[in-house]
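Participant: Below is the file protein-v9.csv, with CSV, C-alpha atoms.
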```csv
chain,number,residue,atom,x,y,z
A,922,MET,CA,17.2,12.0,-67.1
A,923,LEU,CA,19.3,11.6,-64.0
A,924,ASP,CA,22.2,14.0,-63.5
A,925,HIS,CA,24.4,11.1,-62.6
A,926,TYR,CA,24.3,7.4,-61.7
A,927,LEU,CA,26.6,4.4,-61.2
A,928,THR,CA,26.8,1.3,-63.3
A,929,ILE,CA,29.3,-1.4,-64.5
A,930,GLN,CA,32.2,-0.4,-66.7
A,931,SER,CA,31.3,-3.1,-69.3
A,932,ASP,CA,29.5,-6.4,-69.7
A,933,GLY,CA,31.5,-9.4,-68.5
A,934,LYS,CA,31.7,-12.5,-66.4
A,935,HIS,CA,33.8,-14.0,-63.5
A,936,GLU,CA,33.9,-17.4,-61.9
A,937,ILE,CA,34.4,-18.5,-58.3
A,938,ILE,CA,34.5,-21.9,-56.8
A,939,ILE,CA,33.1,-22.7,-53.4
A,940,GLU,CA,33.1,-26.2,-51.9
A,941,LYS,CA,33.7,-27.6,-55.5
A,942,SER,CA,30.6,-25.8,-56.8
A,943,ARG,CA,31.2,-23.5,-59.8
A,944,PHE,CA,29.5,-20.1,-59.6
A,945,ILE,CA,29.8,-18.2,-62.9
A,946,CYS,CA,28.5,-14.6,-62.8
A,947,HIS,CA,27.4,-12.8,-65.9
A,948,LEU,CA,26.7,-9.1,-65.8
A,949,MET,CA,25.2,-6.9,-68.6
A,950,ARG,CA,24.1,-3.3,-68.9
A,951,VAL,CA,20.4,-3.1,-69.8
A,952,THR,CA,17.9,-0.3,-70.2
A,953,THR,CA,14.6,-2.2,-70.4
A,954,GLU,CA,13.1,-5.3,-68.8
A,955,SER,CA,12.9,-6.8,-72.3
A,956,GLU,CA,16.7,-6.5,-72.7
A,957,ALA,CA,17.1,-8.1,-69.2
A,958,GLN,CA,14.9,-11.0,-70.0
A,959,THR,CA,16.6,-11.7,-73.3
A,960,PHE,CA,20.0,-11.7,-71.6
A,961,ILE,CA,18.8,-14.0,-68.9
A,962,GLN,CA,17.3,-16.5,-71.4
A,963,THR,CA,20.5,-16.4,-73.5
A,964,ILE,CA,22.6,-17.3,-70.5
A,965,LYS,CA,20.2,-20.0,-69.4
A,966,LYS,CA,20.3,-21.5,-72.9
A,967,GLU,CA,24.1,-21.3,-73.0
A,968,HIS,CA,24.3,-23.1,-69.6
A,969,ARG,CA,21.2,-25.4,-70.0
A,970,ASP,CA,23.2,-28.2,-68.3
A,971,ALA,CA,23.8,-26.2,-65.2
A,972,THR,CA,22.2,-27.0,-61.8
A,973,HIS,CA,20.8,-23.4,-61.5
A,974,ASN,CA,20.8,-20.2,-63.4
A,975,CYS,CA,19.7,-17.6,-60.8
A,976,SER,CA,19.0,-14.0,-61.9
A,977,ALA,CA,18.2,-10.5,-60.9
A,978,TYR,CA,18.0,-7.0,-62.4
A,979,ILE,CA,17.5,-3.4,-61.4
A,980,ILE,CA,16.4,-0.9,-64.1
A,981,GLY,CA,15.1,2.7,-64.2
A,982,GLU,CA,15.9,6.2,-62.9
A,983,ASN,CA,14.2,5.3,-59.6
A,984,ASP,CA,15.0,1.6,-59.7
A,985,GLN,CA,11.4,1.0,-60.4
A,986,PHE,CA,12.0,-2.3,-62.2
A,987,GLN,CA,13.4,-4.9,-60.0
A,988,LYS,CA,13.3,-8.7,-60.1
A,989,ALA,CA,15.0,-11.7,-58.5
A,990,HIS,CA,14.7,-15.4,-59.3
A,991,ASP,CA,16.1,-18.3,-57.4
A,992,ASP,CA,15.7,-20.9,-60.2
A,993,GLY,CA,15.3,-23.8,-57.9
A,994,GLU,CA,17.5,-22.8,-55.1
A,995,PRO,CA,15.8,-22.4,-51.7
A,996,SER,CA,13.6,-19.3,-51.6
A,997,GLY,CA,15.5,-16.1,-50.9
A,998,THR,CA,19.0,-17.7,-51.1
A,999,ALA,CA,20.1,-16.6,-54.6
A,1000,GLY,CA,18.2,-14.0,-56.6
A,1001,VAL,CA,17.5,-11.6,-53.7
A,1002,PRO,CA,21.1,-11.6,-52.3
A,1003,MET,CA,22.3,-10.9,-55.9
A,1004,LEU,CA,19.9,-8.0,-56.2
A,1005,GLU,CA,20.9,-6.7,-52.8
A,1006,VAL,CA,24.6,-6.5,-53.9
A,1007,LEU,CA,23.5,-4.3,-56.9
A,1008,LYS,CA,21.4,-2.1,-54.6
A,1009,LYS,CA,24.1,-1.8,-51.9
A,1010,LYS,CA,26.6,-0.6,-54.5
A,1011,LYS,CA,24.0,1.8,-55.8
A,1012,LEU,CA,24.2,0.5,-59.4
A,1013,LYS,CA,21.6,1.0,-62.0
A,1014,ASN,CA,20.5,-0.6,-65.3
A,1015,ILE,CA,22.1,-4.0,-64.8
A,1016,ALA,CA,21.0,-7.6,-65.2
A,1017,VAL,CA,22.9,-10.4,-63.6
A,1018,VAL,CA,22.8,-14.2,-63.9
A,1019,VAL,CA,24.8,-16.5,-61.7
A,1020,THR,CA,25.1,-20.0,-63.1
A,1021,ARG,CA,25.8,-22.8,-60.6
A,1022,TYR,CA,27.3,-26.2,-61.3
A,1023,PHE,CA,26.8,-28.2,-58.2
A,1024,GLY,CA,30.0,-29.7,-56.8
A,1025,GLY,CA,28.5,-32.3,-54.4
A,1026,THR,CA,28.6,-30.4,-51.1
A,1027,LYS,CA,25.4,-28.6,-49.8
A,1028,LEU,CA,26.1,-25.1,-48.6
A,1029,GLY,CA,23.0,-24.5,-46.5
A,1030,ALA,CA,20.9,-21.4,-46.7
A,1031,GLY,CA,23.5,-19.1,-45.2
A,1032,GLY,CA,26.2,-20.5,-47.4
A,1033,LEU,CA,24.1,-20.0,-50.5
A,1034,VAL,CA,23.4,-16.4,-49.7
A,1035,ARG,CA,27.1,-15.7,-49.2
A,1036,ALA,CA,28.1,-17.6,-52.3
A,1037,TYR,CA,25.7,-15.9,-54.7
A,1038,GLY,CA,26.4,-12.5,-53.1
A,1039,SER,CA,30.2,-13.1,-53.4
A,1040,ALA,CA,29.9,-14.1,-57.0
A,1041,VAL,CA,28.2,-10.8,-57.9
A,1042,SER,CA,30.5,-8.7,-55.7
A,1043,GLU,CA,33.7,-10.2,-57.1
A,1044,THR,CA,32.5,-9.9,-60.7
A,1045,ILE,CA,31.7,-6.2,-60.2
A,1046,GLN,CA,35.1,-5.6,-58.6
A,1047,THR,CA,36.8,-7.4,-61.6
A,1048,ILE,CA,34.8,-5.4,-64.2
A,1049,GLY,CA,34.9,-2.1,-62.5
A,1050,ILE,CA,32.3,0.7,-61.8
A,1051,VAL,CA,31.8,3.9,-63.8
A,1052,GLU,CA,30.0,7.1,-62.8
A,1053,CYS,CA,27.8,8.3,-65.7
A,1054,THR,CA,27.3,12.1,-65.6
A,1055,LEU,CA,24.9,13.9,-67.8
A,1056,ALA,CA,26.7,16.4,-70.0
A,1057,THR,CA,26.2,18.4,-73.2
A,1058,ILE,CA,28.1,17.6,-76.3
A,1059,ILE,CA,29.6,20.7,-77.7
A,1060,LYS,CA,30.9,20.6,-81.3
A,1061,CYS,CA,34.1,22.5,-81.8
A,1062,SER,CA,34.8,23.2,-85.5
A,1063,PHE,CA,38.2,24.6,-86.5
A,1064,ALA,CA,41.0,24.4,-89.1
A,1065,TYR,CA,43.5,21.5,-89.3
A,1066,SER,CA,46.3,23.8,-88.2
A,1067,LEU,CA,44.8,24.0,-84.7
A,1068,VAL,CA,44.4,20.2,-84.1
A,1069,GLY,CA,47.4,19.7,-81.9
A,1070,LYS,CA,46.9,22.9,-79.9
A,1071,ILE,CA,43.2,22.2,-79.1
A,1072,GLU,CA,43.6,18.5,-78.5
A,1073,ASN,CA,46.5,19.1,-76.0
A,1074,ALA,CA,44.6,21.9,-74.3
A,1075,LEU,CA,41.5,19.7,-73.9
A,1076,GLU,CA,43.6,16.9,-72.5
A,1077,GLN,CA,45.3,19.2,-70.0
A,1078,LYS,CA,41.9,20.4,-68.7
A,1079,ASN,CA,40.6,16.9,-68.6
A,1080,TYR,CA,37.8,17.5,-71.1
A,1081,GLN,CA,36.8,14.2,-72.8
A,1082,ILE,CA,36.3,14.0,-76.5
A,1083,ASN,CA,33.4,11.8,-77.5
A,1084,ASP,CA,34.0,11.8,-81.3
A,1085,LYS,CA,36.1,13.4,-84.0
A,1086,GLU,CA,35.3,14.4,-87.6
A,1087,PHE,CA,37.8,15.2,-90.3
A,1088,THR,CA,36.3,16.8,-93.4
A,1089,ASP,CA,37.0,20.2,-94.8
A,1090,LYS,CA,37.4,21.2,-91.1
A,1091,VAL,CA,38.1,19.3,-87.9
A,1092,VAL,CA,35.2,18.9,-85.5
A,1093,PHE,CA,35.7,17.6,-82.0
A,1094,HIS,CA,32.6,16.5,-80.1
A,1095,VAL,CA,33.4,17.4,-76.5
A,1096,PHE,CA,31.7,16.4,-73.2
A,1097,VAL,CA,31.0,19.5,-71.1
A,1098,ASP,CA,29.2,19.4,-67.8
A,1099,ASN,CA,26.1,21.5,-68.0
A,1100,ASP,CA,27.1,24.0,-65.3
A,1101,ASP,CA,30.5,24.3,-67.0
A,1102,ILE,CA,29.3,25.4,-70.4
A,1103,PRO,CA,29.8,29.2,-70.0
A,1104,HIS,CA,33.3,28.7,-68.6
A,1105,PHE,CA,34.2,26.2,-71.4
A,1106,ARG,CA,33.0,28.5,-74.2
A,1107,LYS,CA,35.0,31.4,-72.8
A,1108,TRP,CA,38.1,29.4,-72.2
A,1109,ILE,CA,38.3,27.5,-75.5
A,1110,THR,CA,37.5,30.6,-77.5
A,1111,GLU,CA,40.3,32.6,-75.9
A,1112,MET,CA,42.7,29.7,-76.2
A,1113,ALA,CA,42.0,29.4,-79.9
A,1114,ASN,CA,42.0,33.2,-80.4
A,1115,GLY,CA,38.5,33.0,-81.6
A,1116,GLN,CA,39.4,30.8,-84.6
A,1117,LEU,CA,36.7,28.1,-84.0
A,1118,GLU,CA,32.9,27.7,-84.1
A,1119,LEU,CA,31.0,26.2,-81.1
A,1120,THR,CA,27.6,24.4,-81.4
A,1121,GLU,CA,25.7,22.9,-78.5
A,1122,SER,CA,24.5,19.4,-79.5
A,1123,THR,CA,22.7,16.6,-77.7
A,1124,GLN,CA,23.0,15.6,-74.0
A,1125,LYS,CA,24.8,12.4,-73.3
A,1126,TYR,CA,26.3,10.5,-70.3
A,1127,ARG,CA,30.0,10.9,-69.8
A,1128,GLU,CA,31.6,7.9,-68.1
A,1129,LYS,CA,34.4,8.1,-65.6
A,1130,GLY,CA,35.9,5.2,-63.7
A,1131,VAL,CA,35.3,5.0,-60.0
A,1132,SER,CA,38.1,3.6,-57.8
```
Starting from the file, lay out its structure as structure tokens.
Facilitator:
Amino acid sequence: MLDHYLTIQSDGKHEIIIEKSRFICHLMRVTTESEAQTFIQTIKKEHRDATHNCSAYIIGENDQFQKAHDDGEPSGTAGVPMLEVLKKKKLKNIAVVVTRYFGGTKLGAGGLVRAYGSAVSETIQTIGIVECTLATIIKCSFAYSLVGKIENALEQKNYQINDKEFTDKVVFHVFVDNDDIPHFRKWITEMANGQLELTESTQKYREKGVS
């Protein structure tokens, strides 16, 4: 697993209009080519009346799965420019479909390249980018009387809570960067006067917005 990578904050869409043509960009997080193809086919079905539904995706730790499709636009004027935007922004595990409803004015090869690239760039900017950093989930188990103290301390130190359990005790599932685990254990144990149990759990990507 990668230590960290960039991707979109969430799935979403955004529309731009160029020379009366509508360009509707749909972005989705994916982890397999099968997911990407299903997403592409879903959008094509939803916009079956569109002039074009051009697509691209980039998947894998080493970007080993890449594909671009022009869907009837002149070769190299749609899918590849869309893919290049994802690569330039160093994003991973994303599928994109740009739906075009022709507005009556031909854009030419250069105009198409700019239009499809702009549709993807603007949509990414609208949705936002997150950095996914591989971290360890540490379960912190403690009595209810310590909830406020521990929650406030974690917030002040910018530790992100992934999940909370409330049974006979309280359990916070906290993201801790792998190289920070010894420091975190020492800090939270001292802060809670030893009145908690710590258990290292699974590894998971912690997401943080990128400006």
Participant: With all atoms listed in the file as the counted atoms, please give the residues lying no more than 10 Å from A:Gly981, apart from itself and same-chain residues fewer than 3 positions off, as a PyMOL selection string.
Facilitator: chain A and resi 922-923+951-954+984-987+1013-1015
Participant: Take atom CA of A:Ile929 and atom CA of A:Phe1093 and report the distance between them in Å, one decimal.
Facilitator: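 Here the two named atoms are 26.6 Å from each other.
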Participant: Quick one: everything within 6 Å of A:Leu1055, counting only C-alpha atoms, minus sequence neighbours fewer than 2 positions away in the same chain. Send it as a list of chain:residue names.
Facilitator: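 Selected residues are A:Asp924, A:His925, A:Lys1125, A:Tyr1126.
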Participant: Which is closer to A:Asn1114 than all the others in A:Ile1045, A:Leu1075, A:Val1131, A:Leu1067, using all atoms listed in the file?
Facilitator: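 Looking only at the distances to A:Asn1114, the closest residue turns out to be A:Leu1067.
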Participant: Once 5 Å is added on each side, what centre and edge lengths in Å to one decimal does the axis-aligned box around all listed atoms of stretch 1091-1105 of chain A have, as AutoDock Vina command-line options?
Facilitator:
```
--center_x 32.1 --center_y 22.8 --center_z -76.6 --size_x 22.0 --size_y 22.8 --size_z 32.6
```
Participant: Using all atoms listed in the file, can you tell me which of A:Gly1049, A:Gly933, A:Gly1025, A:Gly1038 comes closest to A:Glu1005?
Facilitator: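 Using all atoms listed in the file, the shortest distance to A:Glu1005 belongs to A:Gly1038.
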Participant: Could you give me stretch 1046-1057 of chain A completed to N, CA and C atoms, formatted as a PDB file, in the frame of the given file?
Facilitator:
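Printed below is rebuild-v8.pdb as written:
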```pdb
ATOM      1  N   GLN A1046      33.748  -6.116 -58.927  1.00  0.00           N
ATOM      2  CA  GLN A1046      35.100  -5.600 -58.600  1.00  0.00           C
ATOM      3  C   GLN A1046      36.047  -5.879 -59.775  1.00  0.00           C
ATOM      4  N   THR A1047      35.896  -7.035 -60.417  1.00  0.00           N
ATOM      5  CA  THR A1047      36.800  -7.400 -61.600  1.00  0.00           C
ATOM      6  C   THR A1047      36.480  -6.482 -62.759  1.00  0.00           C
ATOM      7  N   ILE A1048      35.208  -6.248 -63.044  1.00  0.00           N
ATOM      8  CA  ILE A1048      34.800  -5.400 -64.200  1.00  0.00           C
ATOM      9  C   ILE A1048      35.075  -3.957 -63.971  1.00  0.00           C
ATOM     10  N   GLY A1049      34.713  -3.487 -62.792  1.00  0.00           N
ATOM     11  CA  GLY A1049      34.900  -2.100 -62.500  1.00  0.00           C
ATOM     12  C   GLY A1049      33.549  -1.311 -62.558  1.00  0.00           C
ATOM     13  N   ILE A1050      33.510  -0.176 -61.893  1.00  0.00           N
ATOM     14  CA  ILE A1050      32.300   0.700 -61.800  1.00  0.00           C
ATOM     15  C   ILE A1050      32.633   2.019 -62.480  1.00  0.00           C
ATOM     16  N   VAL A1051      31.653   2.581 -63.183  1.00  0.00           N
ATOM     17  CA  VAL A1051      31.800   3.900 -63.800  1.00  0.00           C
ATOM     18  C   VAL A1051      30.669   4.814 -63.258  1.00  0.00           C
ATOM     19  N   GLU A1052      30.988   6.093 -63.138  1.00  0.00           N
ATOM     20  CA  GLU A1052      30.000   7.100 -62.800  1.00  0.00           C
ATOM     21  C   GLU A1052      29.560   7.745 -64.163  1.00  0.00           C
ATOM     22  N   CYS A1053      28.274   7.712 -64.461  1.00  0.00           N
ATOM     23  CA  CYS A1053      27.800   8.300 -65.700  1.00  0.00           C
ATOM     24  C   CYS A1053      27.161   9.691 -65.324  1.00  0.00           C
ATOM     25  N   THR A1054      27.750  10.741 -65.858  1.00  0.00           N
ATOM     26  CA  THR A1054      27.300  12.100 -65.600  1.00  0.00           C
ATOM     27  C   THR A1054      26.724  12.728 -66.814  1.00  0.00           C
ATOM     28  N   LEU A1055      25.523  13.272 -66.690  1.00  0.00           N
ATOM     29  CA  LEU A1055      24.900  13.900 -67.800  1.00  0.00           C
ATOM     30  C   LEU A1055      25.593  15.160 -68.248  1.00  0.00           C
ATOM     31  N   ALA A1056      25.996  15.225 -69.492  1.00  0.00           N
ATOM     32  CA  ALA A1056      26.700  16.400 -70.000  1.00  0.00           C
ATOM     33  C   ALA A1056      26.194  16.764 -71.373  1.00  0.00           C
ATOM     34  N   THR A1057      26.599  17.920 -71.831  1.00  0.00           N
ATOM     35  CA  THR A1057      26.200  18.400 -73.200  1.00  0.00           C
ATOM     36  C   THR A1057      27.392  18.187 -74.118  1.00  0.00           C
TER      37      THR A1057
END
```
